[in-house]
>>> print(open('input.cif').read())   # mmCIF, C-alpha atoms
data_structure
loop_
_atom_site.label_atom_id
_atom_site.label_comp_id
_atom_site.auth_asym_id
_atom_site.auth_seq_id
_atom_site.Cartn_x
_atom_site.Cartn_y
_atom_site.Cartn_z
CA MET A 8 20.73 -27.94 7.31
CA LYS A 9 18.44 -27.23 10.25
CA TYR A 10 15.53 -24.78 10.20
CA GLY A 11 13.94 -23.02 13.15
CA ILE A 12 11.23 -20.74 14.48
CA SER A 13 10.75 -18.70 17.65
CA GLU A 14 8.00 -19.66 20.09
CA LEU A 15 9.23 -17.06 22.59
CA ALA A 16 8.20 -13.41 22.59
CA ILE A 17 11.66 -11.91 21.98
CA VAL A 18 14.91 -13.82 21.44
CA PRO A 19 18.21 -11.88 21.51
CA VAL A 20 20.49 -12.33 18.50
CA ARG A 21 24.14 -11.87 19.42
CA ALA A 22 27.29 -11.03 17.48
CA GLU A 23 29.11 -14.03 18.95
CA ALA A 24 28.13 -17.35 20.55
CA SER A 25 28.05 -16.01 24.11
CA ASP A 26 25.52 -14.55 26.54
CA LYS A 27 28.01 -11.73 27.11
CA ALA A 28 28.25 -10.84 23.41
CA GLU A 29 26.69 -7.72 21.90
CA MET A 30 23.00 -8.02 20.98
CA VAL A 31 22.74 -7.05 17.32
CA ASN A 32 19.15 -8.04 16.58
CA GLN A 33 16.07 -9.82 17.93
CA VAL A 34 13.85 -12.65 16.71
CA LEU A 35 10.20 -12.00 17.50
CA PHE A 36 7.57 -14.66 18.10
CA GLY A 37 6.76 -16.71 14.99
CA GLU A 38 9.72 -15.58 12.86
CA HIS A 39 11.53 -18.41 11.07
CA PHE A 40 15.13 -18.88 9.99
CA LYS A 41 17.84 -21.16 8.66
CA VAL A 42 20.49 -22.53 10.99
CA ILE A 43 23.75 -21.98 9.13
CA GLU A 44 26.05 -23.17 11.93
CA TYR A 45 25.05 -25.44 14.81
CA ARG A 46 26.97 -25.84 18.07
CA VAL A 47 26.16 -27.54 21.38
CA LYS A 48 24.78 -24.40 23.06
CA TRP A 49 24.46 -21.87 20.23
CA SER A 50 23.29 -21.65 16.63
CA LYS A 51 24.15 -19.09 13.99
CA ILE A 52 20.94 -18.26 12.13
CA ARG A 53 19.86 -16.38 9.01
CA LEU A 54 16.40 -14.83 9.33
CA ALA A 55 14.08 -15.59 6.44
CA HIS A 56 12.53 -12.14 6.08
CA ASP A 57 15.74 -10.10 5.79
CA GLU A 58 18.65 -12.61 5.77
CA TYR A 59 20.18 -11.01 8.88
CA GLU A 60 22.64 -13.30 10.66
CA GLY A 61 23.63 -13.80 14.28
CA TRP A 62 23.81 -16.25 17.18
CA ILE A 63 20.92 -17.43 19.36
CA CYS A 64 20.82 -19.81 22.32
CA ASN A 65 19.67 -23.34 21.48
CA LYS A 66 17.28 -23.27 24.44
CA GLN A 67 15.32 -20.47 22.78
CA TRP A 68 14.12 -21.84 19.45
CA SER A 69 12.07 -24.72 18.02
CA GLU A 70 13.10 -26.80 15.03
CA ILE A 71 10.89 -27.01 11.93
CA ASP A 72 11.39 -29.06 8.77
CA LYS A 73 12.38 -27.69 5.37
CA LYS A 74 8.87 -28.20 3.98
CA THR A 75 7.42 -25.94 6.68
CA TYR A 76 10.20 -23.39 6.20
CA ASP A 77 9.53 -23.22 2.44
CA LYS A 78 5.76 -23.05 2.95
CA LEU A 79 6.15 -20.13 5.37
CA GLY A 80 8.17 -18.31 2.72
CA ARG A 81 5.35 -18.57 0.20
CA HIS A 82 2.79 -16.86 2.46
CA ASP A 83 2.42 -13.18 3.32
CA PRO A 84 3.01 -13.09 7.09
CA THR A 85 0.14 -12.34 9.44
CA LEU A 86 1.39 -9.94 12.13
CA THR A 87 -0.04 -8.80 15.44
CA THR A 88 -0.88 -5.09 15.63
CA GLU A 89 -1.39 -4.52 19.35
CA LEU A 90 1.47 -3.25 21.53
CA LEU A 91 1.26 -6.37 23.68
CA ASP A 92 -0.90 -9.33 22.81
CA ILE A 93 -1.63 -12.85 24.06
CA VAL A 94 -1.65 -16.14 22.19
CA LEU A 95 -2.99 -19.24 23.90
CA LYS A 96 -1.80 -22.84 23.86
CA GLU A 97 -2.19 -24.76 27.13
CA THR A 98 -1.26 -21.51 28.84
CA HIS A 99 -0.96 -17.92 27.70
CA GLN A 100 2.06 -16.53 25.86
CA THR A 101 2.63 -12.78 25.66
CA VAL A 102 3.86 -11.50 22.31
CA PRO A 103 4.93 -7.99 21.21
CA LEU A 104 3.68 -5.85 18.34
CA GLY A 105 4.80 -7.27 14.99
CA SER A 106 4.87 -10.92 16.04
CA THR A 107 4.14 -13.48 13.31
CA LEU A 108 1.18 -15.88 13.43
CA PRO A 109 2.12 -18.73 11.03
CA PHE A 110 -0.64 -20.11 8.79
CA TYR A 111 -3.24 -17.94 10.54
CA GLN A 112 -6.89 -18.83 9.93
CA ASN A 113 -10.08 -18.34 11.94
CA HIS A 114 -8.22 -17.02 14.98
CA GLN A 115 -5.88 -20.01 15.10
CA PHE A 116 -2.36 -20.75 13.92
CA GLN A 117 0.08 -23.62 14.22
CA ILE A 118 3.78 -24.16 14.92
CA ASN A 119 4.67 -27.84 14.50
CA ASP A 120 2.12 -29.76 16.62
CA ASN A 121 1.30 -26.73 18.76
CA VAL A 122 -2.04 -25.12 17.91
CA TYR A 123 -2.43 -21.58 19.23
CA SER A 124 -5.49 -19.34 19.42
CA HIS A 125 -5.43 -15.56 19.04
CA GLN A 126 -8.27 -13.07 19.48
CA GLY A 127 -6.40 -9.81 18.94
CA GLU A 128 -5.98 -7.47 16.00
CA PHE A 129 -3.73 -8.45 13.09
CA THR A 130 -2.59 -7.38 9.63
CA SER A 131 -1.41 -9.00 6.43
CA GLY A 132 -0.48 -7.72 2.97
CA ILE A 133 0.41 -4.30 1.55
CA LYS A 134 -1.08 -1.19 3.17
CA ASP A 135 -0.91 2.48 2.15
CA LYS A 136 1.40 5.16 3.57
CA VAL A 137 -1.27 6.40 6.00
CA THR A 138 -0.92 3.08 7.79
CA ILE A 139 2.85 3.57 8.02
CA VAL A 140 2.37 6.76 10.02
CA ASN A 141 -0.37 5.27 12.22
CA ASN A 142 1.77 2.24 13.07
CA ALA A 143 4.82 4.41 13.75
CA MET A 144 2.87 6.29 16.41
CA LEU A 145 2.31 3.03 18.31
CA TYR A 146 6.02 2.98 19.17
CA LEU A 147 6.14 6.56 20.44
CA ASN A 148 8.30 6.84 23.61
CA THR A 149 9.71 3.32 23.19
CA PRO A 150 13.23 3.35 24.70
CA TYR A 151 16.17 3.18 22.30
CA LEU A 152 17.84 -0.25 22.41
CA TRP A 153 20.72 -1.28 20.16
CA GLY A 154 19.53 -4.34 18.21
CA GLY A 155 15.96 -3.94 19.48
CA ARG A 156 12.82 -4.56 17.39
CA SER A 157 10.01 -4.39 19.94
CA PRO A 158 7.92 -1.79 21.85
CA PHE A 159 10.10 -2.56 24.89
CA GLY A 160 13.22 -1.28 23.12
CA ILE A 161 14.09 -0.52 19.50
CA ASP A 162 16.89 1.02 17.46
CA CYS A 163 16.48 3.44 14.56
CA SER A 164 16.63 0.94 11.69
CA GLY A 165 14.76 -1.73 13.65
CA PHE A 166 11.98 0.83 14.03
CA THR A 167 11.74 1.66 10.33
CA GLN A 168 12.04 -2.01 9.35
CA MET A 169 9.23 -3.05 11.71
CA ILE A 170 6.93 -0.27 10.52
CA TYR A 171 7.41 -1.25 6.89
CA ARG A 172 7.01 -4.93 7.78
CA LEU A 173 3.67 -4.13 9.43
CA ASN A 174 2.81 -2.36 6.18
CA GLY A 175 3.50 -5.49 4.12
CA LYS A 176 6.88 -4.31 2.80
CA GLU A 177 10.12 -6.10 3.72
CA ILE A 178 13.19 -3.87 3.89
CA PRO A 179 16.75 -4.63 5.10
CA ARG A 180 17.74 -4.50 8.76
CA ASP A 181 20.42 -1.79 8.88
CA ALA A 182 20.11 1.91 7.97
CA TYR A 183 22.89 1.87 5.36
CA GLN A 184 21.19 -1.10 3.64
CA GLN A 185 17.80 0.62 3.70
CA ALA A 186 19.40 3.67 2.07
CA GLU A 187 20.29 1.55 -0.97
CA ILE A 188 16.68 0.76 -1.95
CA GLY A 189 13.79 2.88 -3.21
CA THR A 190 13.76 6.16 -5.16
CA THR A 191 15.94 9.09 -4.10
CA LEU A 192 14.18 12.43 -3.64
CA SER A 193 15.99 15.75 -3.96
CA PHE A 194 14.12 17.85 -1.41
CA ILE A 195 11.97 17.37 1.69
CA ASP A 196 9.13 19.10 -0.14
CA GLU A 197 9.08 16.22 -2.64
CA SER A 198 8.55 13.67 0.12
CA GLU A 199 5.35 12.25 1.55
CA ALA A 200 4.53 11.15 5.07
CA GLY A 201 5.86 7.60 5.34
CA ASP A 202 9.03 8.15 3.30
CA LEU A 203 12.43 7.57 4.91
CA ALA A 204 15.11 10.14 5.71
CA PHE A 205 18.73 9.05 6.22
CA PHE A 206 21.51 10.78 8.12
CA ASP A 207 25.29 10.44 8.04
CA ASN A 208 28.32 11.16 10.22
CA HIS A 209 31.39 13.28 9.46
CA GLU A 210 32.85 10.37 7.49
CA GLY A 211 29.79 10.20 5.24
CA LYS A 212 28.58 6.88 6.65
CA ILE A 213 24.81 6.39 7.02
CA ILE A 214 24.22 6.02 10.75
CA HIS A 215 20.56 6.98 11.32
CA VAL A 216 17.13 6.73 9.71
CA GLY A 217 13.63 7.99 10.49
CA ILE A 218 10.13 8.20 9.04
CA ILE A 219 9.02 11.52 7.57
CA LEU A 220 5.74 12.98 8.85
CA GLU A 221 3.63 15.82 7.50
CA ASN A 222 4.57 19.49 8.00
CA ASN A 223 8.34 18.87 8.22
CA PHE A 224 8.37 16.56 11.20
CA ILE A 225 10.10 13.19 11.62
CA ILE A 226 9.57 10.24 13.96
CA HIS A 227 12.72 8.32 14.81
CA SER A 228 14.44 6.33 17.56
CA SER A 229 17.08 8.43 19.33
CA GLY A 230 17.12 7.93 23.09
CA LYS A 231 13.50 7.00 22.59
CA VAL A 232 11.07 7.00 19.70
CA ARG A 233 10.33 10.71 19.37
CA ILE A 234 9.04 13.38 17.01
CA ASP A 235 11.35 16.22 15.98
CA ARG A 236 11.55 18.92 13.32
CA LEU A 237 13.14 18.11 9.96
CA ASP A 238 14.77 20.56 7.55
CA GLN A 239 17.37 20.41 4.76
CA GLN A 240 20.15 20.43 7.35
CA GLY A 241 18.75 17.51 9.29
CA ILE A 242 16.90 16.83 12.54
CA PHE A 243 16.36 19.80 14.84
CA ASN A 244 15.76 18.89 18.49
CA VAL A 245 13.71 21.69 20.06
CA GLU A 246 14.60 20.60 23.61
CA GLU A 247 18.34 20.78 22.89
CA ARG A 248 17.91 23.74 20.52
CA LYS A 249 20.28 22.26 17.95
CA HIS A 250 20.53 19.94 14.97
CA THR A 251 21.34 16.44 16.20
CA HIS A 252 21.56 14.53 12.89
CA LYS A 253 22.83 15.68 9.47
CA LEU A 254 20.53 14.89 6.54
CA ARG A 255 22.10 12.78 3.79
CA LEU A 256 19.21 11.68 1.58
CA ILE A 257 15.48 10.98 1.37
CA LYS A 258 14.01 7.80 -0.08
CA SER A 259 10.53 6.83 -1.25
CA ILE A 260 10.18 3.07 -0.65
CA ILE A 261 6.47 2.56 -1.37
#
>>> encode(input="input.cif", output="structure tokens")
Amino acid sequence: MKYGISELAIVPVRAEASDKAEMVNQVLFGEHFKVIEYRVKWSKIRLAHDEYEGWICNKQWSEIDKKTYDKLGRHDPTLTTELLDIVLKETHQTVPLGSTLPFYQNHQFQINDNVYSHQGEFTSGIKDKVTIVNNAMLYLNTPYLWGGRSPFGIDCSGFTQMIYRLNGKEIPRDAYQQAEIGTTLSFIDESEAGDLAFFDNHEGKIIHVGIILENNFIIHSSGKVRIDRLDQQGIFNVEERKHTHKLRLIKSII
């Protein structure tokens, strides 16, 4: 089995082995994975942090050995916390918020034989719920992008996953999977800022998720990352003067 890591800022993960296939996810700089199927031009990967699978182009990843892969799994990741940051090798490399800096120490980190330097802000380990809200605000007005996980485009569950990842808590990739973890709360009044609210369609399928804020507000990715009102019916969009998402359940994850 092969193992890999991204040394590019954002790598698209596709549903099929084709540039024309739907983008279902993204690999950010420094994230590592297993290669579960290898072809001439494409590889099917399984991300280490959430086991999400998809296809990436073989021109867009670097191979690592199993020892490095296992060692990365034993360390809490160090993540960048600026919207856009720079890491330096021979030249500069731009990286988005939430990028991983493997084996970070004294403003340096290493991927294979490549030693990078980094002078920006970073985080590692578990943080409190106040940090969840603060980090969520960094993505405000980010455009909605199906499969996106960066400040240049993000979907609803990619948004909540990245915020919790920045807070030291790994949660699944998709909204319906996130709804299966944590403690269920009966009412909005029982929730705290930083908890998750989930929304379903007319078939009862979980299709949307957002982060609860104080005073019955919610921040979520719908068209863009935005703040709306939240009540027991769901999300109320003041601009459209209507409820846009039907509340299904509320979960406390941390």
>>> residues_around(input="input.cif", residues="Asp120 in chain A", least_positions_apart="3", cutoff="12 Å", atoms="all atoms listed in the file", output="VMD selection string")
chain A and resid 69 to 71 75 96 116 to 117 123
>>> resolve_selection(input="input.cif", expression="the PyMOL selection byres ((chain A and resi 79) around 12)", output="PyMOL selection string")
chain A and resi 10-12+37-40+55-56+71-78+80-85+107-111+117-118
>>> closest_residue(input="input.cif", among="A:Leu173, A:Cys163, A:Val31, A:Ile261", to="His215 in chain A", atoms="all atoms listed in the file")
A:Cys163
>>> residues_near_point(input="input.cif", point="(17.8, 9.1, 24.2)", cutoff="8 Å", atoms="all atoms listed in the file", output="PDB file with C-alpha atoms, in the frame of the given file")
ATOM      1  CA  PRO A 150      13.230   3.350  24.700  1.00  0.00           C
ATOM      2  CA  TYR A 151      16.170   3.180  22.300  1.00  0.00           C
ATOM      3  CA  SER A 228      14.440   6.330  17.560  1.00  0.00           C
ATOM      4  CA  SER A 229      17.080   8.430  19.330  1.00  0.00           C
ATOM      5  CA  GLY A 230      17.120   7.930  23.090  1.00  0.00           C
ATOM      6  CA  LYS A 231      13.500   7.000  22.590  1.00  0.00           C
TER       7      LYS A 231
END
>>> closest_atom_pairs(input="input.cif", of="range 70-174 of chain A", to="range 181-185 of chain A", cutoff="9 Å", atoms="all atoms listed in the file", output="Markdown table")
| residue | atom | partner | partner_atom | distance |
| --- | --- | --- | --- | --- |
| A:Cys163 | CA | A:Ala182 | CA | 7.7 |
| A:Ser164 | CA | A:Ala182 | CA | 5.2 |
| A:Gly165 | CA | A:Asp181 | CA | 7.4 |
| A:Thr167 | CA | A:Ala182 | CA | 8.7 |
| A:Gln168 | CA | A:Asp181 | CA | 8.4 |
>>> write_last_selection(input="input.cif", atoms="C-alpha atoms", output="JSON list (two decimals), keeping the file's coordinate frame")
[["chain", "number", "residue", "atom", "x", "y", "z"],
["A", 163, "CYS", "CA", 16.48, 3.44, 14.56],
["A", 164, "SER", "CA", 16.63, 0.94, 11.69],
["A", 165, "GLY", "CA", 14.76, -1.73, 13.65],
["A", 167, "THR", "CA", 11.74, 1.66, 10.33],
["A", 168, "GLN", "CA", 12.04, -2.01, 9.35]]
>>> residues_near_point(input="input.cif", point="(19.3, -14.6, 24.5)", cutoff="6 Å", atoms="all atoms listed in the file", output="PyMOL selection string")
chain A and resi 18-19+64
>>> resolve_selection(input="input.cif", expression="the PyMOL selection byres ((chain A and resi 133-135) around 12)", output="PyMOL selection string")
chain A and resi 83-85+130-132+136-142+170-177+199-202+260-261
>>> atom_distance(input="input.cif", atom1="CA of Ile188 in chain A", atom2="CA of Asp57 in chain A")
13.4 Å
>>> atom_distance(input="input.cif", atom1="CA of Leu104 in chain A", atom2="CA of Gly61 in chain A")
21.9 Å
>>> closest_residue(input="input.cif", among="A:Gln33, A:Thr101, A:Gln112, A:Ser13", to="Glu89 in chain A", atoms="all atoms listed in the file")
A:Thr101
>>> atom_distance(input="input.cif", atom1="CA of Leu203 in chain A", atom2="CA of Ile225 in chain A")
9.1 Å
>>> closest_residue(input="input.cif", among="A:Ile195, A:Leu86, A:Ile93, A:Val20", to="Ile63 in chain A", atoms="all atoms listed in the file")
A:Val20
>>> resolve_selection(input="input.cif", expression="the PyMOL selection byres ((chain A and resi 238) around 12)", output="ChimeraX atom specification")
/A:194-196,198,204,206,219-220,222-225,235-237,239-244,249-257
>>> build_atoms(input="input.cif", residues="range 168-187 of chain A", atoms="N, CA and C atoms", output="PDB file, in the coordinates of the input")
ATOM      1  N   GLN A 168      12.288  -0.694   9.928  1.00  0.00           N
ATOM      2  CA  GLN A 168      12.040  -2.010   9.350  1.00  0.00           C
ATOM      3  C   GLN A 168      10.722  -2.597   9.848  1.00  0.00           C
ATOM      4  N   MET A 169      10.464  -2.490  11.162  1.00  0.00           N
ATOM      5  CA  MET A 169       9.230  -3.050  11.710  1.00  0.00           C
ATOM      6  C   MET A 169       8.004  -2.334  11.182  1.00  0.00           C
ATOM      7  N   ILE A 170       8.086  -1.009  11.026  1.00  0.00           N
ATOM      8  CA  ILE A 170       6.930  -0.270  10.520  1.00  0.00           C
ATOM      9  C   ILE A 170       6.618  -0.684   9.081  1.00  0.00           C
ATOM     10  N   TYR A 171       7.646  -0.809   8.262  1.00  0.00           N
ATOM     11  CA  TYR A 171       7.410  -1.250   6.890  1.00  0.00           C
ATOM     12  C   TYR A 171       6.954  -2.699   6.829  1.00  0.00           C
ATOM     13  N   ARG A 172       7.458  -3.532   7.730  1.00  0.00           N
ATOM     14  CA  ARG A 172       7.010  -4.930   7.780  1.00  0.00           C
ATOM     15  C   ARG A 172       5.526  -5.008   8.130  1.00  0.00           C
ATOM     16  N   LEU A 173       5.091  -4.191   9.082  1.00  0.00           N
ATOM     17  CA  LEU A 173       3.670  -4.130   9.430  1.00  0.00           C
ATOM     18  C   LEU A 173       2.835  -3.615   8.254  1.00  0.00           C
ATOM     19  N   ASN A 174       3.490  -2.900   7.352  1.00  0.00           N
ATOM     20  CA  ASN A 174       2.810  -2.360   6.180  1.00  0.00           C
ATOM     21  C   ASN A 174       2.875  -3.291   4.975  1.00  0.00           C
ATOM     22  N   GLY A 175       3.434  -4.502   5.188  1.00  0.00           N
ATOM     23  CA  GLY A 175       3.500  -5.490   4.120  1.00  0.00           C
ATOM     24  C   GLY A 175       4.712  -5.376   3.222  1.00  0.00           C
ATOM     25  N   LYS A 176       5.688  -4.531   3.605  1.00  0.00           N
ATOM     26  CA  LYS A 176       6.880  -4.310   2.800  1.00  0.00           C
ATOM     27  C   LYS A 176       8.118  -4.701   3.587  1.00  0.00           C
ATOM     28  N   GLU A 177       8.880  -5.683   3.068  1.00  0.00           N
ATOM     29  CA  GLU A 177      10.120  -6.100   3.720  1.00  0.00           C
ATOM     30  C   GLU A 177      11.269  -5.213   3.249  1.00  0.00           C
ATOM     31  N   ILE A 178      12.003  -4.660   4.205  1.00  0.00           N
ATOM     32  CA  ILE A 178      13.190  -3.870   3.890  1.00  0.00           C
ATOM     33  C   ILE A 178      14.356  -4.394   4.729  1.00  0.00           C
ATOM     34  N   PRO A 179      15.591  -4.096   4.358  1.00  0.00           N
ATOM     35  CA  PRO A 179      16.750  -4.630   5.100  1.00  0.00           C
ATOM     36  C   PRO A 179      16.785  -4.142   6.542  1.00  0.00           C
ATOM     37  N   ARG A 180      17.671  -4.758   7.326  1.00  0.00           N
ATOM     38  CA  ARG A 180      17.740  -4.500   8.760  1.00  0.00           C
ATOM     39  C   ARG A 180      18.457  -3.197   9.109  1.00  0.00           C
ATOM     40  N   ASP A 181      19.581  -2.912   8.474  1.00  0.00           N
ATOM     41  CA  ASP A 181      20.420  -1.790   8.880  1.00  0.00           C
ATOM     42  C   ASP A 181      20.154  -0.537   8.047  1.00  0.00           C
ATOM     43  N   ALA A 182      20.417   0.639   8.628  1.00  0.00           N
ATOM     44  CA  ALA A 182      20.110   1.910   7.970  1.00  0.00           C
ATOM     45  C   ALA A 182      20.845   2.060   6.644  1.00  0.00           C
ATOM     46  N   TYR A 183      22.136   1.701   6.603  1.00  0.00           N
ATOM     47  CA  TYR A 183      22.890   1.870   5.360  1.00  0.00           C
ATOM     48  C   TYR A 183      22.340   0.959   4.257  1.00  0.00           C
ATOM     49  N   GLN A 184      21.806  -0.202   4.630  1.00  0.00           N
ATOM     50  CA  GLN A 184      21.190  -1.100   3.640  1.00  0.00           C
ATOM     51  C   GLN A 184      19.855  -0.532   3.163  1.00  0.00           C
ATOM     52  N   GLN A 185      19.078   0.015   4.073  1.00  0.00           N
ATOM     53  CA  GLN A 185      17.800   0.620   3.700  1.00  0.00           C
ATOM     54  C   GLN A 185      17.995   1.787   2.756  1.00  0.00           C
ATOM     55  N   ALA A 186      19.112   2.506   2.915  1.00  0.00           N
ATOM     56  CA  ALA A 186      19.400   3.670   2.070  1.00  0.00           C
ATOM     57  C   ALA A 186      19.693   3.281   0.629  1.00  0.00           C
ATOM     58  N   GLU A 187      19.936   2.005   0.379  1.00  0.00           N
ATOM     59  CA  GLU A 187      20.290   1.550  -0.970  1.00  0.00           C
ATOM     60  C   GLU A 187      19.076   1.143  -1.791  1.00  0.00           C
TER      61      GLU A 187
END
